[in-house]
>>> print(open('coords-v7.txt').read())   # compact mmCIF, C-alpha atoms
# COMPACT_ATOMS: atom_id res chain seq x y z
CA MET N 816 -40.39 98.67 -39.18
CA PRO N 817 -38.22 95.95 -40.75
CA ASN N 818 -37.91 92.82 -38.76
CA LEU N 819 -34.56 92.45 -36.97
CA LYS N 820 -34.47 88.71 -37.55
CA GLU N 821 -35.06 89.17 -41.25
CA LEU N 822 -32.21 91.65 -41.54
CA LYS N 823 -29.89 89.32 -39.71
CA ASN N 824 -30.81 86.48 -42.05
CA ARG N 825 -30.09 88.55 -45.12
CA GLN N 826 -26.76 89.59 -43.70
CA VAL N 827 -25.82 85.97 -43.08
CA SER N 828 -26.79 84.88 -46.59
CA VAL N 829 -24.85 87.69 -48.26
CA LYS N 830 -21.84 86.80 -46.14
CA ALA N 831 -22.11 83.18 -47.28
CA THR N 832 -22.28 84.32 -50.90
CA GLN N 833 -19.24 86.48 -50.41
CA LYS N 834 -17.33 83.53 -49.06
CA ILE N 835 -18.18 81.52 -52.16
CA THR N 836 -17.26 84.27 -54.60
CA ARG N 837 -14.00 84.91 -52.79
CA ALA N 838 -13.12 81.22 -52.90
CA MET N 839 -14.00 81.08 -56.61
CA GLN N 840 -11.84 84.11 -57.26
CA MET N 841 -8.87 82.49 -55.60
CA VAL N 842 -9.39 79.19 -57.40
CA ALA N 843 -9.65 81.06 -60.69
CA ALA N 844 -6.44 82.91 -59.92
CA ALA N 845 -4.61 79.63 -59.30
CA LYS N 846 -6.06 78.08 -62.45
CA LEU N 847 -5.20 81.16 -64.45
CA ASN N 848 -1.60 80.81 -63.39
CA LYS N 849 -1.62 77.22 -64.58
CA ALA N 850 -3.31 78.08 -67.85
CA GLN N 851 -0.84 80.86 -68.54
CA GLU N 852 2.00 78.51 -67.73
CA SER N 853 0.85 75.91 -70.24
CA ALA N 854 0.23 78.61 -72.83
CA LYS N 855 3.78 79.75 -72.29
CA ARG N 856 5.14 76.22 -72.65
CA ALA N 857 3.30 75.73 -75.92
CA ARG N 858 4.62 78.95 -77.39
CA PRO N 859 7.98 77.68 -78.71
CA TYR N 860 6.28 74.81 -80.50
CA VAL N 861 3.66 77.04 -82.07
CA ALA N 862 6.28 79.57 -83.10
CA LYS N 863 8.45 76.89 -84.70
CA ILE N 864 5.56 75.33 -86.57
CA SER N 865 4.50 78.64 -88.06
CA ASN N 866 8.12 79.33 -88.87
CA VAL N 867 8.44 76.05 -90.79
CA MET N 868 5.06 76.66 -92.39
CA SER N 869 6.01 80.08 -93.65
CA ASN N 870 9.26 78.70 -95.04
CA LEU N 871 7.36 76.00 -96.82
CA LEU N 872 4.42 77.98 -98.06
CA SER N 873 6.45 80.81 -99.50
CA SER N 874 7.92 78.35 -101.96
CA VAL N 875 4.81 76.33 -102.73
CA ASP N 876 3.38 76.32 -106.21
CA GLU N 877 -0.17 77.74 -106.19
CA GLY N 878 -1.46 75.36 -108.81
CA SER N 879 -0.64 72.15 -107.00
CA ALA N 880 -1.30 73.39 -103.47
CA PRO N 881 -3.50 71.12 -101.38
CA GLN N 882 -7.11 72.07 -100.65
CA LEU N 883 -6.46 72.73 -96.99
CA MET N 884 -4.30 75.64 -98.04
CA ILE N 885 -6.14 77.26 -100.91
CA GLY N 886 -9.64 75.91 -100.29
CA ASN N 887 -11.75 73.84 -102.62
CA GLY N 888 -12.71 76.71 -104.87
CA THR N 889 -16.10 77.51 -103.38
CA ASP N 890 -17.26 79.19 -100.21
CA ASN N 891 -20.92 78.22 -99.96
CA ILE N 892 -20.92 76.27 -96.74
CA HIS N 893 -19.24 77.79 -93.72
CA LEU N 894 -18.35 75.82 -90.62
CA LEU N 895 -18.09 77.93 -87.49
CA VAL N 896 -16.20 76.30 -84.64
CA VAL N 897 -17.27 78.14 -81.51
CA ALA N 898 -15.02 77.44 -78.54
CA THR N 899 -16.42 78.52 -75.17
CA ALA N 900 -16.22 77.37 -71.57
CA ASP N 901 -18.14 74.53 -69.98
CA ARG N 902 -18.91 76.52 -66.87
CA GLY N 903 -20.61 79.82 -66.28
CA LEU N 904 -20.00 82.51 -63.69
CA CYS N 905 -17.18 83.99 -65.70
CA GLY N 906 -18.49 87.38 -66.63
CA ALA N 907 -19.23 88.10 -70.25
CA PHE N 908 -16.66 85.60 -71.49
CA ASN N 909 -19.08 83.15 -73.11
CA THR N 910 -21.54 85.77 -74.31
CA ASN N 911 -18.81 87.80 -75.99
CA ILE N 912 -17.65 84.86 -78.08
CA VAL N 913 -21.18 83.87 -78.97
CA LYS N 914 -22.01 87.47 -79.83
CA LEU N 915 -19.15 87.59 -82.31
CA ALA N 916 -20.25 84.26 -83.78
CA ASN N 917 -23.83 85.54 -84.08
CA GLN N 918 -22.65 88.61 -85.97
CA GLU N 919 -20.74 86.41 -88.37
CA ILE N 920 -23.76 84.15 -88.82
CA LYS N 921 -25.92 87.14 -89.63
CA THR N 922 -23.57 88.55 -92.29
CA LEU N 923 -23.01 85.13 -93.82
CA LEU N 924 -26.73 84.38 -93.95
CA SER N 925 -27.49 87.73 -95.57
CA ASN N 926 -24.88 86.85 -98.19
CA GLY N 927 -26.78 83.66 -98.90
CA LYS N 928 -24.24 81.26 -97.45
CA GLN N 929 -25.03 78.04 -95.70
CA ILE N 930 -23.88 77.66 -92.13
CA LYS N 931 -22.90 74.78 -89.92
CA ILE N 932 -21.84 75.14 -86.33
CA LEU N 933 -19.54 72.97 -84.25
CA CYS N 934 -19.63 73.82 -80.56
CA ILE N 935 -16.80 73.26 -78.15
CA GLY N 936 -17.91 73.85 -74.58
CA LYS N 937 -21.36 73.57 -73.09
CA LYS N 938 -22.11 77.25 -72.47
CA GLY N 939 -21.71 78.30 -76.08
CA TYR N 940 -23.80 75.33 -77.11
CA ASP N 941 -26.61 76.35 -74.76
CA LEU N 942 -26.57 79.91 -76.05
CA LEU N 943 -26.43 79.02 -79.74
CA ARG N 944 -29.02 76.26 -79.43
CA ARG N 945 -31.71 78.85 -78.78
CA ASN N 946 -31.60 80.40 -82.23
CA HIS N 947 -29.57 78.05 -84.37
CA SER N 948 -30.34 74.57 -83.15
CA ASP N 949 -30.84 73.38 -86.75
CA LYS N 950 -27.34 74.46 -87.74
CA ILE N 951 -25.39 72.79 -84.96
CA ILE N 952 -23.82 69.61 -86.28
CA ASP N 953 -21.70 68.58 -83.33
CA PHE N 954 -20.98 69.44 -79.74
CA ILE N 955 -17.76 68.62 -77.94
CA SER N 956 -17.54 69.08 -74.20
CA LEU N 957 -14.21 69.50 -72.47
CA LYS N 958 -15.75 69.29 -69.02
CA GLU N 959 -13.81 66.17 -68.10
CA VAL N 960 -10.55 67.74 -69.20
CA LYS N 961 -8.73 69.55 -66.45
CA ASN N 962 -5.80 70.90 -68.39
CA VAL N 963 -6.04 71.28 -72.13
CA SER N 964 -3.46 69.10 -73.80
CA PHE N 965 -2.61 68.53 -77.42
CA ASN N 966 -4.77 65.41 -77.39
CA GLU N 967 -7.97 67.45 -77.29
CA ALA N 968 -6.83 69.66 -80.14
CA ASP N 969 -5.83 66.53 -82.04
CA LEU N 970 -9.31 65.07 -81.54
CA ILE N 971 -11.16 68.22 -82.54
CA GLY N 972 -8.81 68.83 -85.46
CA GLY N 973 -9.32 65.26 -86.64
CA ASN N 974 -13.08 65.73 -86.45
CA ILE N 975 -12.93 68.92 -88.53
CA LEU N 976 -10.52 67.45 -91.08
CA LYS N 977 -12.70 64.41 -91.58
CA ARG N 978 -15.71 66.60 -92.28
CA PHE N 979 -13.68 68.67 -94.72
CA GLU N 980 -12.55 65.56 -96.57
CA GLU N 981 -16.14 64.44 -96.84
CA GLY N 982 -17.05 67.81 -98.33
CA GLU N 983 -19.34 68.90 -95.52
CA PHE N 984 -18.11 72.49 -95.66
CA ASP N 985 -15.89 74.80 -97.68
CA VAL N 986 -14.63 77.37 -95.18
CA CYS N 987 -13.87 76.89 -91.50
CA LYS N 988 -13.50 79.54 -88.86
CA LEU N 989 -12.58 79.20 -85.21
CA PHE N 990 -14.12 81.52 -82.61
CA TYR N 991 -12.29 81.91 -79.34
CA SER N 992 -11.16 84.54 -76.90
CA ASN N 993 -7.67 85.92 -76.94
CA PHE N 994 -6.13 86.45 -73.52
CA LYS N 995 -4.71 89.94 -73.35
CA SER N 996 -4.76 90.48 -69.61
CA VAL N 997 -6.85 89.56 -66.59
CA ILE N 998 -9.27 92.39 -67.29
CA SER N 999 -9.23 92.24 -71.06
CA GLN N 1000 -10.07 89.25 -73.24
CA ILE N 1001 -10.81 89.83 -76.86
CA PRO N 1002 -13.10 87.49 -78.81
CA LEU N 1003 -11.54 86.58 -82.13
CA ALA N 1004 -12.45 84.77 -85.33
CA GLN N 1005 -9.63 82.90 -86.99
CA GLN N 1006 -9.90 81.29 -90.38
CA LEU N 1007 -8.61 77.71 -90.35
CA ILE N 1008 -9.58 76.40 -93.77
CA PRO N 1009 -8.44 77.58 -96.23
CA LEU N 1010 -5.36 78.64 -94.39
CA ALA N 1011 -5.25 82.37 -93.80
CA PHE N 1012 -1.59 82.88 -94.30
CA GLU N 1013 -0.48 86.07 -92.62
CA ALA N 1014 3.19 85.27 -92.50
CA GLU N 1015 3.36 85.74 -96.25
CA GLN N 1016 3.39 89.50 -95.83
CA HIS N 1017 6.32 89.64 -93.49
CA SER N 1018 8.34 86.85 -95.04
CA ASP N 1019 10.92 89.06 -96.64
CA GLU N 1020 13.28 88.38 -99.48
CA ALA N 1021 15.91 86.86 -97.24
CA SER N 1022 13.75 84.01 -96.02
CA LEU N 1023 12.44 83.43 -99.51
CA SER N 1024 15.88 82.76 -100.86
CA ASP N 1025 16.57 80.73 -97.73
CA SER N 1026 13.70 78.40 -98.33
CA SER N 1027 14.56 77.72 -101.91
CA ILE N 1028 17.66 75.79 -100.91
CA TYR N 1029 15.88 73.52 -98.44
CA ASP N 1030 16.07 69.78 -98.91
CA TYR N 1031 12.81 68.00 -98.34
CA GLU N 1032 12.35 64.48 -97.14
CA PRO N 1033 10.01 63.08 -98.39
CA GLU N 1034 8.93 65.26 -101.35
CA GLU N 1035 8.04 68.87 -100.63
CA SER N 1036 4.39 68.31 -101.49
CA ASP N 1037 4.19 65.32 -99.13
CA VAL N 1038 5.71 67.31 -96.32
CA ILE N 1039 3.17 70.08 -96.87
CA GLU N 1040 0.36 67.59 -96.95
CA GLU N 1041 1.45 66.25 -93.58
CA LEU N 1042 2.19 69.64 -92.10
CA LEU N 1043 -1.10 71.32 -92.99
CA PRO N 1044 -3.34 69.13 -90.80
CA LEU N 1045 -0.80 69.43 -88.02
CA ASN N 1046 -0.77 73.20 -88.38
CA LEU N 1047 -4.57 73.22 -88.13
CA LYS N 1048 -4.45 71.22 -84.94
CA VAL N 1049 -1.77 73.47 -83.53
CA GLN N 1050 -3.93 76.51 -84.24
CA ILE N 1051 -6.86 74.88 -82.48
CA PHE N 1052 -4.59 73.95 -79.61
CA GLN N 1053 -3.45 77.51 -79.26
CA GLY N 1054 -7.05 78.72 -79.41
CA LEU N 1055 -8.03 76.32 -76.64
CA LEU N 1056 -5.14 77.44 -74.47
CA GLU N 1057 -5.97 81.11 -74.98
CA ASN N 1058 -9.57 80.31 -74.20
CA ALA N 1059 -8.68 78.50 -70.98
CA ALA N 1060 -6.61 81.44 -69.78
CA SER N 1061 -9.32 83.92 -70.82
CA GLU N 1062 -12.01 81.97 -69.03
CA GLN N 1063 -10.11 81.95 -65.76
CA GLY N 1064 -9.10 85.58 -66.12
CA SER N 1065 -12.65 86.58 -66.83
CA ARG N 1066 -13.95 84.54 -63.92
CA MET N 1067 -11.35 86.03 -61.63
CA SER N 1068 -12.36 89.62 -62.35
CA ALA N 1069 -16.06 88.75 -62.29
CA MET N 1070 -15.70 87.12 -58.90
CA ASP N 1071 -13.56 89.99 -57.65
CA ASN N 1072 -16.41 92.33 -58.54
CA ALA N 1073 -18.95 90.06 -56.91
CA THR N 1074 -16.91 89.90 -53.70
CA ARG N 1075 -16.66 93.66 -53.61
CA ASN N 1076 -20.37 94.10 -54.23
CA ALA N 1077 -21.18 91.62 -51.49
CA GLY N 1078 -18.95 93.58 -49.13
CA GLU N 1079 -20.80 96.80 -49.91
CA MET N 1080 -24.09 95.09 -49.36
CA ILE N 1081 -22.97 93.68 -46.03
CA ASN N 1082 -21.96 97.17 -44.88
CA LYS N 1083 -25.33 98.56 -45.89
CA LEU N 1084 -27.19 95.76 -44.17
CA THR N 1085 -25.12 96.11 -40.99
CA LEU N 1086 -25.88 99.81 -40.87
CA GLN N 1087 -29.56 99.19 -41.36
CA TYR N 1088 -29.55 96.43 -38.76
CA ASN N 1089 -27.87 98.62 -36.15
CA ARG N 1090 -30.18 101.53 -36.85
CA THR N 1091 -33.23 99.34 -36.52
CA ARG N 1092 -31.93 97.85 -33.31
CA GLN N 1093 -31.28 101.30 -31.90
CA ALA N 1094 -34.72 102.48 -32.94
CA ILE N 1095 -36.32 99.55 -31.17
CA ILE N 1096 -34.39 100.26 -27.97
CA THR N 1097 -35.30 103.94 -28.11
CA LYS N 1098 -38.90 103.05 -28.65
CA GLU N 1099 -38.88 100.71 -25.65
CA LEU N 1100 -37.24 103.39 -23.49
CA ILE N 1101 -39.84 105.95 -24.53
CA GLU N 1102 -42.54 103.49 -23.66
CA ILE N 1103 -41.07 102.81 -20.22
CA ILE N 1104 -40.47 106.50 -19.47
CA SER N 1105 -43.87 107.64 -20.64
CA GLY N 1106 -45.36 104.73 -18.71
CA ALA N 1107 -43.53 105.86 -15.53
CA GLU N 1108 -44.57 109.48 -16.10
CA ALA N 1109 -48.19 108.50 -16.38
CA LEU N 1110 -48.11 106.95 -12.89
CA MET I 153 34.02 68.18 -83.51
CA ASP I 154 31.84 71.17 -84.23
CA ARG I 155 28.58 71.46 -82.39
CA PHE I 156 25.27 72.97 -83.30
CA LYS I 157 22.18 74.16 -81.54
CA LEU I 158 19.35 71.75 -80.92
CA GLU I 159 15.84 72.61 -79.88
CA PHE I 160 13.45 69.82 -79.08
CA VAL I 161 9.89 71.02 -78.53
CA THR I 162 6.50 69.41 -78.02
CA PRO I 163 3.12 71.17 -77.80
CA GLU I 164 3.22 70.76 -74.03
CA LYS I 165 6.72 71.94 -73.31
CA SER I 166 10.20 72.62 -74.54
CA LEU I 167 12.05 69.39 -73.88
CA LEU I 168 15.60 70.29 -74.67
CA SER I 169 17.59 73.25 -75.79
CA SER I 170 21.31 72.78 -75.93
CA GLU I 171 24.46 72.51 -77.98
CA VAL I 172 24.95 69.05 -79.38
CA GLU I 173 27.37 67.28 -81.65
CA GLN I 174 25.33 64.64 -83.35
CA VAL I 175 21.68 63.65 -83.61
CA ILE I 176 20.31 60.49 -85.18
CA ILE I 177 16.85 61.05 -86.65
CA PRO I 178 14.27 58.47 -87.72
CA GLY I 179 13.27 60.26 -90.92
CA SER I 180 10.24 58.99 -92.79
CA GLU I 181 12.51 57.97 -95.68
CA GLY I 182 15.05 56.30 -93.43
CA GLU I 183 17.32 57.03 -90.54
CA PHE I 184 19.94 59.70 -90.89
CA THR I 185 22.47 61.54 -88.78
CA ILE I 186 22.76 65.26 -88.50
CA LEU I 187 26.12 66.86 -87.78
CA ALA I 188 27.13 70.50 -87.65
CA ASP I 189 26.89 72.43 -90.95
CA HIS I 190 24.28 70.10 -92.37
CA SER I 191 22.55 71.58 -95.38
CA PRO I 192 19.11 73.13 -94.72
CA MET I 193 16.43 70.49 -94.70
CA ILE I 194 12.91 69.73 -93.57
CA SER I 195 11.95 66.15 -92.95
CA SER I 196 9.01 64.37 -91.43
CA LEU I 197 9.58 61.66 -88.85
CA LYS I 198 8.50 58.06 -88.59
CA PRO I 199 7.95 56.37 -85.23
CA GLY I 200 11.40 55.60 -83.90
CA LEU I 201 14.22 56.56 -81.59
CA ILE I 202 15.98 59.89 -81.61
CA SER I 203 19.51 59.68 -80.25
CA ILE I 204 21.19 62.87 -79.16
CA TYR I 205 24.94 63.02 -78.51
CA GLU I 206 26.12 66.11 -76.67
CA ASP I 207 29.72 65.23 -77.42
CA SER I 208 31.53 62.17 -78.69
CA SER I 209 32.49 60.86 -75.27
CA SER I 210 29.09 61.16 -73.65
CA GLU I 211 26.32 58.64 -73.81
CA ALA I 212 23.36 59.21 -76.08
CA VAL I 213 20.14 60.71 -74.77
CA ILE I 214 17.35 58.71 -76.35
CA TYR I 215 13.71 59.59 -76.93
CA PHE I 216 10.94 57.72 -78.65
CA VAL I 217 8.73 59.78 -80.98
CA THR I 218 5.66 58.74 -82.93
CA ASP I 219 5.51 61.56 -85.43
CA GLY I 220 6.76 65.04 -86.05
CA PHE I 221 9.15 67.11 -88.10
CA ILE I 222 12.65 68.37 -88.06
CA ASP I 223 13.88 71.63 -89.46
CA MET I 224 17.60 72.13 -89.94
CA ALA I 225 18.73 75.57 -90.98
CA SER I 226 21.99 77.47 -90.47
CA ASN I 227 23.18 75.15 -87.70
CA ASN I 228 19.90 75.28 -85.82
CA LEU I 229 18.12 71.99 -85.58
CA THR I 230 14.52 72.01 -84.43
CA ILE I 231 12.69 68.81 -83.63
CA LEU I 232 8.92 69.17 -83.45
CA ALA I 233 7.22 66.10 -82.05
CA GLN I 234 3.66 65.60 -80.86
CA SER I 235 4.22 62.75 -78.44
CA VAL I 236 7.54 61.90 -76.88
CA ILE I 237 8.55 59.17 -74.45
CA GLU I 238 11.82 59.32 -72.56
CA LYS I 239 14.09 56.32 -72.82
CA SER I 240 13.63 55.22 -69.21
CA GLU I 241 9.88 55.16 -69.76
CA ILE I 242 9.80 53.20 -72.98
CA THR I 243 8.19 49.87 -72.21
CA SER I 244 6.78 47.18 -74.40
CA ASP I 245 3.32 47.79 -72.95
CA LYS I 246 3.42 51.46 -73.82
CA LEU I 247 4.41 50.66 -77.38
CA ASP I 248 1.58 48.16 -77.51
CA GLU I 249 -0.81 50.94 -76.58
CA ILE I 250 0.52 53.10 -79.39
CA ILE I 251 0.17 50.24 -81.86
CA GLU I 252 -3.38 49.74 -80.70
CA SER I 253 -4.29 53.39 -81.23
CA PHE I 254 -2.80 53.28 -84.73
CA GLN I 255 -4.70 50.07 -85.40
CA LYS I 256 -7.93 51.78 -84.40
CA GLU I 257 -7.22 54.55 -86.88
CA VAL I 258 -6.54 51.97 -89.58
CA ASP I 259 -9.88 50.35 -88.91
CA SER I 260 -11.77 53.61 -88.94
CA THR I 261 -10.49 54.95 -92.26
CA GLU I 262 -11.49 53.87 -95.74
CA ASN I 263 -8.72 55.75 -97.44
CA LEU I 264 -6.28 53.13 -98.72
CA GLU I 265 -3.32 55.47 -98.85
CA LYS I 266 -3.90 56.45 -95.26
CA LYS I 267 -4.22 52.83 -94.26
CA ASN I 268 -0.89 52.01 -95.82
CA ARG I 269 0.77 54.93 -94.11
CA LEU I 270 -0.60 53.86 -90.72
CA ASN I 271 0.37 50.25 -91.25
CA LEU I 272 3.87 51.41 -92.01
CA LYS I 273 3.89 53.29 -88.73
CA ILE I 274 2.79 50.18 -86.86
CA ASP I 275 5.67 48.26 -88.41
CA ASN I 276 8.03 51.00 -87.28
CA VAL I 277 6.79 50.83 -83.70
CA ARG I 278 7.15 47.02 -83.79
CA ALA I 279 10.73 47.43 -84.94
CA VAL I 280 11.47 49.63 -81.95
CA GLN I 281 9.71 47.15 -79.73
CA SER I 282 11.98 44.35 -80.86
CA GLN I 283 15.04 46.55 -80.25
CA ILE I 284 14.39 47.10 -76.57
>>> encode(input="coords-v7.txt", output="structure tokens")
Amino acid sequence: MPNLKELKNRQVSVKATQKITRAMQMVAAAKLNKAQESAKRARPYVAKISNVMSNLLSSVDEGSAPQLMIGNGTDNIHLLVVATADRGLCGAFNTNIVKLANQEIKTLLSNGKQIKILCIGKKGYDLLRRNHSDKIIDFISLKEVKNVSFNEADLIGGNILKRFEEGEFDVCKLFYSNFKSVISQIPLAQQLIPLAFEAEQHSDEASLSDSSIYDYEPEESDVIEELLPLNLKVQIFQGLLENAASEQGSRMSAMDNATRNAGEMINKLTLQYNRTRQAIITKELIEIISGAEAL
Amino acid sequence: MDRFKLEFVTPEKSLLSSEVEQVIIPGSEGEFTILADHSPMISSLKPGLISIYEDSSSEAVIYFVTDGFIDMASNNLTILAQSVIEKSEITSDKLDEIIESFQKEVDSTENLEKKNRLNLKIDNVRAVQSQI
């Protein structure tokens, strides 16, 4: 027969765990709100930048375009920037991003490309280090950063740009998780260098003719040269914001599940505890009665 | 006078969105003023003061920016700036900090062109510093 004391202890420990998971869920919910808020605030800026970019790029001459836009002609060395969280206990958030990155690594390697990895966030670094420790060239932790600001994106973007200028890689891709809703975050790979220019398709004739009458100060090519690095940083910034929201959303649903599971377990344990207690009492009664009968 | 729509955004938030009459911009090629019906233009910014006049009688709203872009098209002016300081918060110390960070960048780069560009920016910040 299970020990009553033991059952009680287990009940207490599961209750303590439930308290922790519930607190984490609520903290994640509050942080998610904040993250969504800052993502919302960044949206006008991001939209405007891509608007200006599409105006500019639709009129740019392919031959003289800077390397950031059209690449440096080769695609032998790929830099994968894998952005994950610094903390765990957030469901499959980190693993999903790393899984996508691993798939990409596999296909690139089988195509005979060289790979370098830049990790943002400790969890992704830990996961990738197992199999690809020789490929990781840098690791940036955002643990000290409470709310992602443009400064971080500026720093990371500067780091990547410097490596590109020094010819360390030819193609750069950013891996992050897109926040769709609290229960759905989709890991994504976004090409940063050379610029994957989607807007080109839906920039219709009207905006084309619009852009041709723009005045540029300084020269158009100088403006593009200044705007491209900025655009890269903005894309990273947006990725980081999406990631922050995804992390909290993922943690929130993971902790919600954990709280529910703990509740179920507590119910089961309580039932078992009561049954055992009852059985012990019955047994004692039988002993007393049969003892009395024997007299 | 005619007015036009101004949107002033930074990566962190949308600072301003209103109808204005006149905006003075520290363009990288020199300061200029934008009025309604200005021809479409894109310009980069140098460190300097942006003055926004809602109408001719009102006082200017002033911001300090270090870098960014403006996009003027069909009476919609967009100012994109990475770091913005409101006028009441512009102090000599803060500008010193900015100069210092630029100086660090100058020291860390080998690229001569980049160095020149950064030095120019430092001069621009100094000019603002002497104004206030």
>>> residues_around(input="coords-v7.txt", residues="stretch 1037-1047 of chain N", least_positions_apart="6", cutoff="7 Å", atoms="all atoms listed in the file", output="PDB file with C-alpha atoms, in the frame of the given file")
ATOM      1  CA  ILE N 864       5.560  75.330 -86.570  1.00  0.00           C
ATOM      2  CA  PRO N 881      -3.500  71.120-101.380  1.00  0.00           C
ATOM      3  CA  LEU N 883      -6.460  72.730 -96.990  1.00  0.00           C
ATOM      4  CA  GLY N 972      -8.810  68.830 -85.460  1.00  0.00           C
ATOM      5  CA  LEU N1007      -8.610  77.710 -90.350  1.00  0.00           C
TER       6      LEU N1007
ATOM      7  CA  SER I 196       9.010  64.370 -91.430  1.00  0.00           C
TER       8      SER I 196
END
>>> atom_distance(input="coords-v7.txt", atom1="atom CA of I:Arg269", atom2="atom CA of I:Ile177")
18.8 Å
>>> closest_residue(input="coords-v7.txt", among="N:Asn966, N:Ser956, N:Gln1005, N:Thr1091", to="chain I", atoms="all atoms listed in the file")
N:Asn966
>>> closest_atom_pairs(input="coords-v7.txt", of="chain N", to="chain I", cutoff="10 Å", atoms="all atoms listed in the file", output="tab-separated table")
residue	atom	partner	partner_atom	distance
N:Glu852	CA	I:Lys165	CA	9.8
N:Ser853	CA	I:Glu164	CA	6.8
N:Ala854	CA	I:Glu164	CA	8.5
N:Lys855	CA	I:Lys165	CA	8.4
N:Arg856	CA	I:Lys165	CA	4.6
N:Ala857	CA	I:Pro163	CA	4.9
N:Arg858	CA	I:Pro163	CA	7.9
N:Pro859	CA	I:Ser166	CA	6.9
N:Tyr860	CA	I:Pro163	CA	5.5
N:Val861	CA	I:Pro163	CA	7.3
N:Lys863	CA	I:Thr230	CA	7.8
N:Ile864	CA	I:Leu232	CA	7.7
N:Asn866	CA	I:Asp223	CA	9.6
N:Val867	CA	I:Asp223	CA	7.1
N:Asn870	CA	I:Ile194	CA	9.8
N:Leu871	CA	I:Ile194	CA	9.0
N:Val963	CA	I:Glu164	CA	9.5
N:Ser964	CA	I:Glu164	CA	6.9
N:Phe965	CA	I:Pro163	CA	6.3
N:Asn966	CA	I:Gln234	CA	9.1
N:Asp969	CA	I:Gln234	CA	9.6
N:Lys977	CA	I:Thr261	CA	9.7
N:Asp1025	CA	I:Pro192	CA	8.6
N:Ser1026	CA	I:Pro192	CA	8.4
N:Ser1027	CA	I:Pro192	CA	9.7
N:Ile1028	CA	I:Pro192	CA	6.9
N:Tyr1029	CA	I:Met193	CA	4.8
N:Asp1030	CA	I:Met193	CA	4.3
N:Tyr1031	CA	I:Ile194	CA	5.1
N:Glu1032	CA	I:Ser195	CA	4.5
N:Pro1033	CA	I:Glu181	CA	6.3
N:Glu1034	CA	I:Ser195	CA	9.0
N:Glu1035	CA	I:Ile194	CA	8.6
N:Asp1037	CA	I:Ser196	CA	9.1
N:Val1038	CA	I:Ser196	CA	6.6
N:Ile1039	CA	I:Ser196	CA	9.8
N:Glu1041	CA	I:Ser196	CA	8.1
N:Leu1042	CA	I:Phe221	CA	8.4
N:Leu1045	CA	I:Gly220	CA	9.0
N:Val1049	CA	I:Pro163	CA	7.9
N:Phe1052	CA	I:Pro163	CA	8.4
N:Gln1053	CA	I:Pro163	CA	9.2
>>> residues_near_point(input="coords-v7.txt", point="(-22.4, 69.5, -84.0)", cutoff="7 Å", atoms="only C-alpha atoms", output="compact mmCIF listing (two decimals) with C-alpha atoms, keeping the file's coordinate frame")
# COMPACT_ATOMS: atom_id res chain seq x y z
CA ILE N 932 -21.84 75.14 -86.33
CA LEU N 933 -19.54 72.97 -84.25
CA CYS N 934 -19.63 73.82 -80.56
CA ILE N 951 -25.39 72.79 -84.96
CA ILE N 952 -23.82 69.61 -86.28
CA ASP N 953 -21.70 68.58 -83.33
CA PHE N 954 -20.98 69.44 -79.74
>>> residues_around(input="coords-v7.txt", residues="N:Lys961", least_positions_apart="6", cutoff="12 Å", atoms="only C-alpha atoms", output="number ranges by chain")
N: 846, 849-850, 900-901, 967, 1056, 1059
>>> residues_around(input="coords-v7.txt", residues="I:Arg155", least_positions_apart="2", cutoff="12 Å", atoms="all atoms listed in the file", output="ChimeraX atom specification")
/I:153,157-158,170-175,186-190,204-208,227-229
>>> write_last_selection(input="coords-v7.txt", atoms="C-alpha atoms", output="PDB file, in the frame of the given file")
ATOM      1  CA  MET I 153      34.020  68.180 -83.510  1.00  0.00           C
ATOM      2  CA  LYS I 157      22.180  74.160 -81.540  1.00  0.00           C
ATOM      3  CA  LEU I 158      19.350  71.750 -80.920  1.00  0.00           C
ATOM      4  CA  SER I 170      21.310  72.780 -75.930  1.00  0.00           C
ATOM      5  CA  GLU I 171      24.460  72.510 -77.980  1.00  0.00           C
ATOM      6  CA  VAL I 172      24.950  69.050 -79.380  1.00  0.00           C
ATOM      7  CA  GLU I 173      27.370  67.280 -81.650  1.00  0.00           C
ATOM      8  CA  GLN I 174      25.330  64.640 -83.350  1.00  0.00           C
ATOM      9  CA  VAL I 175      21.680  63.650 -83.610  1.00  0.00           C
ATOM     10  CA  ILE I 186      22.760  65.260 -88.500  1.00  0.00           C
ATOM     11  CA  LEU I 187      26.120  66.860 -87.780  1.00  0.00           C
ATOM     12  CA  ALA I 188      27.130  70.500 -87.650  1.00  0.00           C
ATOM     13  CA  ASP I 189      26.890  72.430 -90.950  1.00  0.00           C
ATOM     14  CA  HIS I 190      24.280  70.100 -92.370  1.00  0.00           C
ATOM     15  CA  ILE I 204      21.190  62.870 -79.160  1.00  0.00           C
ATOM     16  CA  TYR I 205      24.940  63.020 -78.510  1.00  0.00           C
ATOM     17  CA  GLU I 206      26.120  66.110 -76.670  1.00  0.00           C
ATOM     18  CA  ASP I 207      29.720  65.230 -77.420  1.00  0.00           C
ATOM     19  CA  SER I 208      31.530  62.170 -78.690  1.00  0.00           C
ATOM     20  CA  ASN I 227      23.180  75.150 -87.700  1.00  0.00           C
ATOM     21  CA  ASN I 228      19.900  75.280 -85.820  1.00  0.00           C
ATOM     22  CA  LEU I 229      18.120  71.990 -85.580  1.00  0.00           C
TER      23      LEU I 229
END
>>> atom_distance(input="coords-v7.txt", atom1="atom CA of N:Lys928", atom2="atom CA of N:Leu872")
28.9 Å
>>> residues_around(input="coords-v7.txt", residues="N:Gly906", least_positions_apart="4", cutoff="9 Å", atoms="all atoms listed in the file", output="PyMOL selection string")
chain N and resi 910+1062+1065-1070
